[in-house]
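Pasted below: final-v8.cif, mmCIF, C-alpha atoms and all ligand atoms.
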```cif
data_my_file
loop_
_atom_site.group_PDB
_atom_site.id
_atom_site.type_symbol
_atom_site.label_atom_id
_atom_site.label_comp_id
_atom_site.auth_asym_id
_atom_site.auth_seq_id
_atom_site.Cartn_x
_atom_site.Cartn_y
_atom_site.Cartn_z
ATOM 1 C CA MET A 446 -11.717 20.727 5.353
ATOM 2 C CA THR A 447 -10.453 23.509 7.611
ATOM 3 C CA ALA A 448 -9.401 23.065 11.202
ATOM 4 C CA HIS A 449 -12.318 25.150 12.394
ATOM 5 C CA ARG A 450 -14.962 23.476 10.323
ATOM 6 C CA ASN A 451 -18.416 24.803 11.305
ATOM 7 C CA GLY A 452 -16.888 26.069 14.536
ATOM 8 C CA ALA A 453 -17.586 22.569 15.872
ATOM 9 C CA PRO A 454 -15.687 21.401 18.959
ATOM 10 C CA VAL A 455 -12.799 19.029 18.324
ATOM 11 C CA LEU A 456 -14.607 16.109 19.930
ATOM 12 C CA GLU A 457 -18.187 15.560 20.934
ATOM 13 C CA VAL A 458 -19.379 12.445 22.683
ATOM 14 C CA LYS A 459 -23.147 12.096 22.678
ATOM 15 C CA ASN A 460 -25.094 9.608 24.763
ATOM 16 C CA LEU A 461 -22.393 6.967 24.339
ATOM 17 C CA SER A 462 -23.179 3.545 25.787
ATOM 18 C CA ILE A 463 -21.764 0.042 25.771
ATOM 19 C CA ARG A 464 -22.539 -3.036 27.832
ATOM 20 C CA PHE A 465 -20.467 -6.067 28.638
ATOM 21 C CA GLY A 466 -23.119 -8.686 29.390
ATOM 22 C CA GLY A 467 -25.272 -7.014 32.029
ATOM 23 C CA LEU A 468 -22.646 -4.436 32.978
ATOM 24 C CA ARG A 469 -23.188 -0.892 31.714
ATOM 25 C CA ALA A 470 -19.488 -0.048 31.395
ATOM 26 C CA VAL A 471 -20.226 3.288 29.650
ATOM 27 C CA ASP A 472 -23.772 4.465 30.168
ATOM 28 C CA ASP A 473 -25.242 7.457 28.326
ATOM 29 C CA VAL A 474 -22.055 9.524 28.470
ATOM 30 C CA SER A 475 -22.029 12.979 26.852
ATOM 31 C CA PHE A 476 -19.383 15.702 26.972
ATOM 32 C CA THR A 477 -17.474 18.065 24.722
ATOM 33 C CA VAL A 478 -13.740 18.561 24.299
ATOM 34 C CA GLU A 479 -12.932 22.123 23.318
ATOM 35 C CA ARG A 480 -10.010 23.022 21.096
ATOM 36 C CA GLN A 481 -6.574 23.414 22.691
ATOM 37 C CA ARG A 482 -7.764 22.664 26.179
ATOM 38 C CA ILE A 483 -6.596 19.819 28.345
ATOM 39 C CA THR A 484 -9.564 17.658 29.275
ATOM 40 C CA THR A 485 -8.968 14.950 31.864
ATOM 41 C CA VAL A 486 -11.188 11.967 32.595
ATOM 42 C CA ILE A 487 -10.953 10.773 36.193
ATOM 43 C CA GLY A 488 -12.854 8.263 38.293
ATOM 44 C CA PRO A 489 -12.342 5.261 40.570
ATOM 45 C CA ASN A 490 -11.130 1.903 39.235
ATOM 46 C CA GLY A 491 -13.715 0.327 36.955
ATOM 47 C CA ALA A 492 -15.539 3.637 36.353
ATOM 48 C CA GLY A 493 -15.370 3.122 32.579
ATOM 49 C CA LYS A 494 -12.521 5.474 31.604
ATOM 50 C CA SER A 495 -10.550 3.021 29.451
ATOM 51 C CA THR A 496 -13.748 1.732 27.858
ATOM 52 C CA LEU A 497 -14.681 5.321 27.006
ATOM 53 C CA PHE A 498 -11.274 5.816 25.357
ATOM 54 C CA ASN A 499 -11.740 2.541 23.456
ATOM 55 C CA LEU A 500 -15.096 3.780 22.157
ATOM 56 C CA VAL A 501 -13.727 7.188 21.154
ATOM 57 C CA SER A 502 -10.665 5.729 19.406
ATOM 58 C CA GLY A 503 -12.582 3.037 17.504
ATOM 59 C CA ALA A 504 -11.220 0.026 19.394
ATOM 60 C CA LEU A 505 -14.798 -0.727 20.500
ATOM 61 C CA ARG A 506 -18.112 0.023 18.776
ATOM 62 C CA PRO A 507 -20.777 1.624 20.953
ATOM 63 C CA ARG A 508 -24.191 0.095 21.388
ATOM 64 C CA ASP A 509 -25.707 3.604 21.337
ATOM 65 C CA GLY A 510 -24.581 7.177 20.915
ATOM 66 C CA GLN A 511 -22.228 9.137 18.719
ATOM 67 C CA VAL A 512 -18.599 10.211 18.419
ATOM 68 C CA LEU A 513 -18.096 13.396 16.376
ATOM 69 C CA LEU A 514 -14.712 14.763 15.345
ATOM 70 C CA GLU A 515 -14.987 18.405 14.294
ATOM 71 C CA GLY A 516 -18.680 17.824 13.682
ATOM 72 C CA VAL A 517 -18.143 14.729 11.527
ATOM 73 C CA ASP A 518 -19.887 11.600 12.749
ATOM 74 C CA LEU A 519 -17.252 8.869 13.062
ATOM 75 C CA THR A 520 -19.171 6.556 15.377
ATOM 76 C CA GLY A 521 -17.938 2.982 15.009
ATOM 77 C CA ALA A 522 -15.222 3.921 12.482
ATOM 78 C CA PRO A 523 -12.132 1.699 12.685
ATOM 79 C CA PRO A 524 -9.003 3.085 14.406
ATOM 80 C CA HIS A 525 -7.108 3.748 11.141
ATOM 81 C CA ARG A 526 -9.969 5.885 9.826
ATOM 82 C CA LEU A 527 -10.128 7.865 13.044
ATOM 83 C CA GLN A 528 -6.372 8.319 12.843
ATOM 84 C CA ARG A 529 -6.630 9.671 9.294
ATOM 85 C CA ALA A 530 -9.384 11.987 10.508
ATOM 86 C CA GLY A 531 -7.033 13.416 13.155
ATOM 87 C CA LEU A 532 -7.421 11.362 16.326
ATOM 88 C CA ALA A 533 -4.249 9.899 17.857
ATOM 89 C CA ARG A 534 -3.924 7.708 20.913
ATOM 90 C CA SER A 535 -0.952 6.883 23.052
ATOM 91 C CA PHE A 536 -1.265 3.694 25.050
ATOM 92 C CA GLN A 537 -0.857 2.880 28.714
ATOM 93 C CA ILE A 538 1.331 -0.078 27.785
ATOM 94 C CA THR A 539 4.485 0.783 25.935
ATOM 95 C CA ASN A 540 3.939 -0.247 22.345
ATOM 96 C CA LEU A 541 7.199 0.795 20.771
ATOM 97 C CA PHE A 542 9.429 -1.676 18.901
ATOM 98 C CA PRO A 543 12.490 -2.159 21.133
ATOM 99 C CA ASP A 544 14.916 -2.969 18.282
ATOM 100 C CA LEU A 545 14.093 0.010 16.071
ATOM 101 C CA SER A 546 16.163 3.162 16.370
ATOM 102 C CA VAL A 547 14.554 6.288 17.773
ATOM 103 C CA PHE A 548 14.806 7.997 14.375
ATOM 104 C CA GLU A 549 13.274 5.032 12.485
ATOM 105 C CA THR A 550 10.437 4.886 15.014
ATOM 106 C CA LEU A 551 9.598 8.520 14.352
ATOM 107 C CA ARG A 552 10.075 8.270 10.604
ATOM 108 C CA LEU A 553 7.696 5.310 10.398
ATOM 109 C CA ALA A 554 5.132 7.107 12.537
ATOM 110 C CA SER A 555 5.416 10.167 10.264
ATOM 111 C CA GLN A 556 4.870 8.110 7.101
ATOM 112 C CA ILE A 557 1.131 8.842 7.358
ATOM 113 C CA LEU A 558 1.939 12.414 6.228
ATOM 114 C CA GLU A 559 3.234 11.218 2.856
ATOM 115 C CA PRO A 560 0.649 11.340 0.038
ATOM 116 C CA PRO A 561 -0.957 7.863 -0.210
ATOM 117 C CA LEU A 562 0.615 7.019 -3.598
ATOM 118 C CA ARG A 563 4.062 7.757 -2.253
ATOM 119 C CA ALA A 564 3.631 5.798 0.964
ATOM 120 C CA TRP A 565 5.390 2.694 -0.429
ATOM 121 C CA GLN A 566 8.278 4.374 -2.169
ATOM 122 C CA PRO A 567 11.844 3.747 -0.944
ATOM 123 C CA VAL A 568 12.067 5.266 2.520
ATOM 124 C CA ARG A 569 15.027 7.512 1.650
ATOM 125 C CA ARG A 570 12.616 9.441 -0.592
ATOM 126 C CA SER A 571 10.027 9.918 2.161
ATOM 127 C CA THR A 572 11.133 13.507 2.513
ATOM 128 C CA ILE A 573 8.088 14.712 4.437
ATOM 129 C CA ALA A 574 8.347 11.881 6.963
ATOM 130 C CA ILE A 575 12.104 12.338 7.362
ATOM 131 C CA ALA A 576 11.704 16.073 7.970
ATOM 132 C CA ARG A 577 8.914 15.465 10.467
ATOM 133 C CA ALA A 578 10.998 12.857 12.327
ATOM 134 C CA GLY A 579 13.882 15.355 12.560
ATOM 135 C CA ALA A 580 11.600 18.063 13.957
ATOM 136 C CA LEU A 581 10.179 15.652 16.547
ATOM 137 C CA LEU A 582 13.668 14.597 17.667
ATOM 138 C CA GLU A 583 14.437 18.243 18.431
ATOM 139 C CA ARG A 584 11.093 19.035 20.000
ATOM 140 C CA PHE A 585 11.226 16.058 22.351
ATOM 141 C CA ASP A 586 14.869 16.440 23.202
ATOM 142 C CA LEU A 587 15.775 13.076 21.696
ATOM 143 C CA ALA A 588 18.214 14.212 18.985
ATOM 144 C CA ALA A 589 21.222 12.867 20.897
ATOM 145 C CA LYS A 590 19.484 9.459 20.985
ATOM 146 C CA ALA A 591 18.410 9.370 17.316
ATOM 147 C CA GLY A 592 20.549 6.340 16.441
ATOM 148 C CA HIS A 593 19.950 4.465 19.694
ATOM 149 C CA LYS A 594 17.623 1.501 19.916
ATOM 150 C CA VAL A 595 14.339 2.204 21.705
ATOM 151 C CA ALA A 596 15.248 -0.511 24.235
ATOM 152 C CA ALA A 597 18.260 1.556 25.342
ATOM 153 C CA LEU A 598 16.155 4.574 26.362
ATOM 154 C CA SER A 599 15.189 5.340 29.957
ATOM 155 C CA HIS A 600 11.542 4.906 30.946
ATOM 156 C CA GLY A 601 10.966 8.665 30.800
ATOM 157 C CA GLU A 602 12.572 8.893 27.347
ATOM 158 C CA GLN A 603 10.384 6.045 26.106
ATOM 159 C CA ARG A 604 7.258 7.853 27.292
ATOM 160 C CA ARG A 605 8.448 11.027 25.551
ATOM 161 C CA LEU A 606 9.031 9.009 22.401
ATOM 162 C CA GLU A 607 5.530 7.523 22.636
ATOM 163 C CA ILE A 608 4.012 10.979 22.781
ATOM 164 C CA ALA A 609 6.184 12.051 19.846
ATOM 165 C CA VAL A 610 4.961 8.990 17.908
ATOM 166 C CA ALA A 611 1.358 9.912 18.650
ATOM 167 C CA LEU A 612 1.987 13.483 17.430
ATOM 168 C CA ALA A 613 3.860 12.443 14.293
ATOM 169 C CA GLY A 614 0.766 12.481 12.080
ATOM 170 C CA GLU A 615 -0.171 16.022 13.208
ATOM 171 C CA PRO A 616 -3.422 14.985 14.897
ATOM 172 C CA LYS A 617 -6.215 17.332 15.943
ATOM 173 C CA ILE A 618 -6.724 15.527 19.233
ATOM 174 C CA LEU A 619 -4.350 13.380 21.244
ATOM 175 C CA LEU A 620 -5.682 10.799 23.709
ATOM 176 C CA LEU A 621 -3.249 9.893 26.482
ATOM 177 C CA ASP A 622 -4.027 6.949 28.728
ATOM 178 C CA GLU A 623 -2.265 7.439 32.087
ATOM 179 C CA PRO A 624 0.823 9.085 30.594
ATOM 180 C CA THR A 625 2.696 9.218 33.910
ATOM 181 C CA GLN A 626 1.931 5.716 35.113
ATOM 182 C CA GLY A 627 4.971 4.028 36.636
ATOM 183 C CA MET A 628 7.101 7.159 36.408
ATOM 184 C CA SER A 629 9.430 8.584 39.003
ATOM 185 C CA HIS A 630 8.513 11.974 40.472
ATOM 186 C CA GLY A 631 11.064 13.710 38.238
ATOM 187 C CA ASP A 632 9.811 12.027 35.067
ATOM 188 C CA THR A 633 6.209 12.826 36.049
ATOM 189 C CA GLU A 634 7.025 16.520 36.391
ATOM 190 C CA GLU A 635 8.845 16.466 33.057
ATOM 191 C CA THR A 636 5.956 14.724 31.303
ATOM 192 C CA ALA A 637 3.461 17.170 32.808
ATOM 193 C CA ALA A 638 5.489 20.078 31.432
ATOM 194 C CA LEU A 639 5.605 18.349 28.054
ATOM 195 C CA ILE A 640 1.824 17.831 27.990
ATOM 196 C CA ARG A 641 1.283 21.503 28.887
ATOM 197 C CA ASP A 642 3.587 22.455 26.044
ATOM 198 C CA LEU A 643 1.814 20.142 23.605
ATOM 199 C CA ALA A 644 -1.554 21.648 24.409
ATOM 200 C CA ALA A 645 -0.519 24.787 22.524
ATOM 201 C CA ASP A 646 -0.570 22.770 19.273
ATOM 202 C CA VAL A 647 -2.999 19.957 19.822
ATOM 203 C CA THR A 648 -6.086 19.321 21.901
ATOM 204 C CA VAL A 649 -5.302 16.827 24.650
ATOM 205 C CA MET A 650 -7.663 14.422 26.403
ATOM 206 C CA LEU A 651 -6.214 12.190 29.078
ATOM 207 C CA ILE A 652 -6.946 9.645 31.743
ATOM 208 C CA GLU A 653 -4.912 10.358 34.856
ATOM 209 C CA HIS A 654 -4.928 9.006 38.404
ATOM 210 C CA ASP A 655 -2.457 11.418 39.990
ATOM 211 C CA ILE A 656 -4.908 13.942 41.405
ATOM 212 C CA GLY A 657 -2.243 16.599 41.972
ATOM 213 C CA LEU A 658 -1.361 16.396 38.314
ATOM 214 C CA VAL A 659 -5.031 16.455 37.297
ATOM 215 C CA MET A 660 -5.542 19.668 39.261
ATOM 216 C CA SER A 661 -2.480 21.426 37.895
ATOM 217 C CA LEU A 662 -2.726 20.232 34.297
ATOM 218 C CA SER A 663 -6.406 20.225 33.359
ATOM 219 C CA ASP A 664 -8.607 22.965 31.974
ATOM 220 C CA HIS A 665 -11.640 20.726 32.191
ATOM 221 C CA VAL A 666 -12.286 17.587 34.250
ATOM 222 C CA VAL A 667 -14.869 14.895 33.538
ATOM 223 C CA VAL A 668 -15.560 12.611 36.510
ATOM 224 C CA MET A 669 -16.856 9.143 35.729
ATOM 225 C CA HIS A 670 -18.469 6.799 38.210
ATOM 226 C CA GLN A 671 -20.078 3.453 37.417
ATOM 227 C CA GLY A 672 -20.121 4.180 33.695
ATOM 228 C CA ARG A 673 -21.755 7.589 33.976
ATOM 229 C CA VAL A 674 -20.593 11.189 34.113
ATOM 230 C CA LEU A 675 -20.889 12.188 37.763
ATOM 231 C CA ALA A 676 -19.671 15.779 37.327
ATOM 232 C CA GLU A 677 -17.662 17.952 34.962
ATOM 233 C CA GLY A 678 -16.150 21.408 35.037
ATOM 234 C CA PRO A 679 -12.999 23.296 35.995
ATOM 235 C CA PRO A 680 -10.714 21.264 38.298
ATOM 236 C CA ALA A 681 -11.323 23.224 41.498
ATOM 237 C CA ALA A 682 -15.122 23.157 41.112
ATOM 238 C CA VAL A 683 -15.115 19.435 40.408
ATOM 239 C CA ARG A 684 -12.914 18.717 43.400
ATOM 240 C CA ALA A 685 -15.248 20.695 45.677
ATOM 241 C CA ASP A 686 -18.358 18.880 44.417
ATOM 242 C CA PRO A 687 -19.787 16.814 47.319
ATOM 243 C CA ALA A 688 -20.853 13.957 45.005
ATOM 244 C CA VAL A 689 -17.285 13.735 43.672
ATOM 245 C CA GLN A 690 -15.874 13.882 47.186
ATOM 246 C CA THR A 691 -17.979 10.880 48.151
ATOM 247 C CA ALA A 692 -17.542 8.776 45.023
ATOM 248 C CA TYR A 693 -13.927 9.493 44.219
ATOM 249 C CA PHE A 694 -12.147 10.662 47.327
ATOM 250 C CA GLY A 695 -14.145 8.423 49.655
ATOM 251 C CA HIS A 696 -15.420 11.191 51.950
ATOM 252 C CA ALA A 697 -17.889 14.075 51.798
HETATM 253 N N1 LIG B 1 -13.824 -6.378 27.461
HETATM 254 C C1 LIG B 1 -14.505 -6.362 28.596
HETATM 255 N N2 LIG B 1 -15.371 -7.362 28.899
HETATM 256 C C2 LIG B 1 -16.076 -7.353 30.035
HETATM 257 N N3 LIG B 1 -16.006 -6.386 30.959
HETATM 258 C C3 LIG B 1 -15.157 -5.375 30.730
HETATM 259 C C4 LIG B 1 -14.355 -5.309 29.550
HETATM 260 N N4 LIG B 1 -13.628 -4.167 29.602
HETATM 261 C C5 LIG B 1 -13.928 -3.559 30.764
HETATM 262 N N5 LIG B 1 -14.856 -4.274 31.434
HETATM 263 C C6 LIG B 1 -15.473 -3.886 32.704
HETATM 264 O O1 LIG B 1 -16.056 -2.610 32.489
HETATM 265 C C7 LIG B 1 -15.910 -1.795 33.643
HETATM 266 C C8 LIG B 1 -15.165 -0.519 33.262
HETATM 267 O O2 LIG B 1 -13.795 -0.858 33.002
HETATM 268 P P1 LIG B 1 -12.717 0.204 32.550
HETATM 269 O O3 LIG B 1 -11.450 -0.546 32.328
HETATM 270 O O4 LIG B 1 -13.250 1.004 31.417
HETATM 271 O O5 LIG B 1 -12.599 1.116 33.842
HETATM 272 P P2 LIG B 1 -11.490 2.207 34.199
HETATM 273 O O6 LIG B 1 -12.227 3.373 34.737
HETATM 274 O O7 LIG B 1 -10.603 2.420 33.024
HETATM 275 O O8 LIG B 1 -10.702 1.481 35.361
HETATM 276 P P3 LIG B 1 -9.132 1.567 35.789
HETATM 277 O O9 LIG B 1 -8.938 2.907 36.427
HETATM 278 O O10 LIG B 1 -9.001 0.449 36.783
HETATM 279 O O11 LIG B 1 -8.316 1.365 34.544
HETATM 280 C C9 LIG B 1 -15.185 -2.627 34.683
HETATM 281 O O12 LIG B 1 -16.134 -3.189 35.533
HETATM 282 C C10 LIG B 1 -14.496 -3.695 33.853
HETATM 283 O O13 LIG B 1 -14.303 -4.868 34.586
#
```
Now that the file is in, can you turn its structure into structure tokens?
Ligand SMILES: Nc1ncnc2c1ncn2[C@@H]1O[C@H](COP(=O)(O)OP(=O)(O)OP(=O)(O)O)[C@@H](O)[C@H]1O
Amino acid sequence: MTAHRNGAPVLEVKNLSIRFGGLRAVDDVSFTVERQRITTVIGPNGAGKSTLFNLVSGALRPRDGQVLLEGVDLTGAPPHRLQRAGLARSFQITNLFPDLSVFETLRLASQILEPPLRAWQPVRRSTIAIARAGALLERFDLAAKAGHKVAALSHGEQRRLEIAVALAGEPKILLLDEPTQGMSHGDTEETAALIRDLAADVTVMLIEHDIGLVMSLSDHVVVMHQGRVLAEGPPAAVRADPAVQTAYFGHA
């Protein structure tokens, strides 16, 4: 399977829908994520952004619609299968193990690159995973912290490590759920630069509330409102859209 299989986009979401009781949390949502572009999903609280991410990453099964990764229908596939197929997700809530070292965290995350029959061999022989962990330490400027426990890292370093963990398996698409949430201004700027840098290697799709960041970071913006796609397009065009002004910014 080549990276450019059939020339299909990295991710296609077609008519995706889910209901919680009577609530149409995601309602007939369709859009395309093109390769090596940063696509951002925005929308007011409760618009359905997290639910959409849960559907795309396999945490929830849709009632209707399809999720295609490079043209392959993976609708309803469990998260581990989507991960093997090249979809990685980094969570809003820090989900690192505080007592593991930074290096061990990255080596474990890179274990997916080892051939399946070698996955359970003694870890010192996991040469691919060890090499990948070393490269990630350099890339994410964490080499000086390799032996430190995750708990000893600053908030910004932990977020960098989370992104490194998500990239460890060399995914085709990386989903980031509010990557700058709770960060100081300095850490936000640093993370934005990191995401821009990442986009050269991997397609990025994110949920982000910081509208300044959305405007400066995104190639494509999808605006959700009440479970539906209200508008999509380049950031400036979306921001100027009167329907978006009303629904999202609270004025026309
Ligand atoms: N498991 C669930 N059961 C019932 N209702 C849910 C569930 N998950 C989400 N919802 C509801 O679905 C709607 C969409 O929620 P969702 O979390 O996807 O919105 P969001 O755009 O991510 O919001 P926020 O910006 O506040 O995170 C909301 O009304 C929410 O209360």
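Within the 9 Å cut-off around A:Leu497, using only C-alpha atoms and omitting residues fewer than 6 positions from it on the same chain, the listed residues are Leu461, Ser462, Ile463, Ala470, Val471, Val474, Leu505 and Gly672 of chain A.
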Requested in this report: Would you list the residues that come within 7 Å of ligand LIG 1 (chain B)? Count all atoms listed in the file and give the answer as a VMD selection string.
Outcome: chain A and resid 465 468 470 488 to 497 672
Report task. Check which residues satisfy the PyMOL selection byres (((chain A and resi 667) around 6) and not hetatm) in the file shown, then give them as a VMD selection string. Result -> chain A and resid 486 666 668 677
Report task. Give as a VMD selection string the set of residues within 12 Å of the point (15.5, 2.9, 18.5), where distances use the file's coordinates and only C-alpha atoms. Result -> chain A and resid 541 to 553 582 587 to 599 602 to 603 606 to 607
Report summary line: From atom CA of A:Gly627 to atom CA of A:His525 the spacing works out at 28.2 Å
Requested in this report: Specify as a ChimeraX atom specification each residue included when the PyMOL selection byres (((chain A and resi 630-645) around 8) and not hetatm) is applied to this file.
Outcome: /A:481-483,601,605,624-625,628-629,646-649,658,662
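Nearest to A:Asn499 of all the residues A:Gly516, A:Gly579, A:Gly521, A:Gly467 is A:Gly521, based on only C-alpha atoms.
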**Report entry** Option closest in space to A:Thr484, from A:Ala611, A:Val455, A:Arg526, A:Leu581 [counting all atoms listed in the file]
**Finding:** A:Val455
Query - Reference answer for the PyMOL selection byres (((chain A and resi 679) around 9) and not hetatm), as a PyMOL selection string - result: chain A and resi 660+663-667+677-678+680-684
Report summary line: Expressed in Å, the length from atom CA of A:Glu559 to atom CA of A:Ile618 is 19.6 Å
Report task. Neighbourhood query: residues within 9 Å of (-3.5, 9.5, 39.0), file coordinates, counting all atoms listed in the file; return as an NGL selection string. Result -> :A and (487 or 623 or 625-626 or 652-659)
Provide stretch 496-520 of chain A rebuilt to N, CA and C atoms, formatted as a short mmCIF file (atom, residue, chain, number, x, y, z; two decimals), in the frame of the given file.
```cif
data_model
loop_
_atom_site.label_atom_id
_atom_site.label_comp_id
_atom_site.auth_asym_id
_atom_site.auth_seq_id
_atom_site.Cartn_x
_atom_site.Cartn_y
_atom_site.Cartn_z
N THR A 496 -12.71 2.13 28.82
CA THR A 496 -13.75 1.73 27.86
C THR A 496 -14.19 2.95 27.04
N LEU A 497 -14.33 4.08 27.71
CA LEU A 497 -14.68 5.32 27.01
C LEU A 497 -13.62 5.65 25.94
N PHE A 498 -12.35 5.55 26.32
CA PHE A 498 -11.27 5.82 25.36
C PHE A 498 -11.33 4.82 24.20
N ASN A 499 -11.63 3.55 24.52
CA ASN A 499 -11.74 2.54 23.46
C ASN A 499 -12.89 2.86 22.49
N LEU A 500 -13.96 3.41 23.02
CA LEU A 500 -15.10 3.78 22.16
C LEU A 500 -14.74 4.98 21.28
N VAL A 501 -14.06 5.96 21.89
CA VAL A 501 -13.73 7.19 21.15
C VAL A 501 -12.69 6.90 20.07
N SER A 502 -11.76 5.98 20.36
CA SER A 502 -10.66 5.73 19.41
C SER A 502 -10.98 4.61 18.42
N GLY A 503 -12.17 4.03 18.49
CA GLY A 503 -12.58 3.04 17.50
C GLY A 503 -12.20 1.61 17.84
N ALA A 504 -11.58 1.40 19.01
CA ALA A 504 -11.22 0.03 19.39
C ALA A 504 -12.47 -0.78 19.75
N LEU A 505 -13.51 -0.09 20.21
CA LEU A 505 -14.80 -0.73 20.50
C LEU A 505 -15.90 0.05 19.78
N ARG A 506 -16.95 -0.66 19.39
CA ARG A 506 -18.11 0.02 18.78
C ARG A 506 -19.19 0.21 19.84
N PRO A 507 -19.74 1.41 19.93
CA PRO A 507 -20.78 1.62 20.95
C PRO A 507 -22.09 0.93 20.58
N ARG A 508 -22.84 0.65 21.61
CA ARG A 508 -24.19 0.10 21.39
C ARG A 508 -25.12 1.24 21.00
N ASP A 509 -24.92 2.40 21.63
CA ASP A 509 -25.71 3.60 21.34
C ASP A 509 -24.80 4.82 21.40
N GLY A 510 -25.27 5.89 20.79
CA GLY A 510 -24.58 7.18 20.92
C GLY A 510 -23.68 7.48 19.74
N GLN A 511 -23.02 8.63 19.83
CA GLN A 511 -22.23 9.14 18.72
C GLN A 511 -20.88 9.67 19.17
N VAL A 512 -19.91 9.58 18.25
CA VAL A 512 -18.60 10.21 18.42
C VAL A 512 -18.40 11.14 17.22
N LEU A 513 -18.27 12.44 17.47
CA LEU A 513 -18.10 13.40 16.38
C LEU A 513 -16.75 14.08 16.48
N LEU A 514 -16.00 14.08 15.39
CA LEU A 514 -14.71 14.76 15.34
C LEU A 514 -14.89 15.98 14.44
N GLU A 515 -14.73 17.15 15.01
CA GLU A 515 -14.99 18.40 14.29
C GLU A 515 -16.32 18.35 13.55
N GLY A 516 -17.32 17.84 14.23
CA GLY A 516 -18.68 17.82 13.68
C GLY A 516 -18.97 16.66 12.75
N VAL A 517 -17.94 15.86 12.44
CA VAL A 517 -18.14 14.73 11.53
C VAL A 517 -18.42 13.47 12.34
N ASP A 518 -19.51 12.80 12.00
CA ASP A 518 -19.89 11.60 12.75
C ASP A 518 -18.98 10.43 12.37
N LEU A 519 -18.18 9.98 13.32
CA LEU A 519 -17.25 8.87 13.06
C LEU A 519 -17.55 7.70 14.01
N THR A 520 -18.77 7.63 14.46
CA THR A 520 -19.17 6.56 15.38
C THR A 520 -18.91 5.19 14.75
#
```
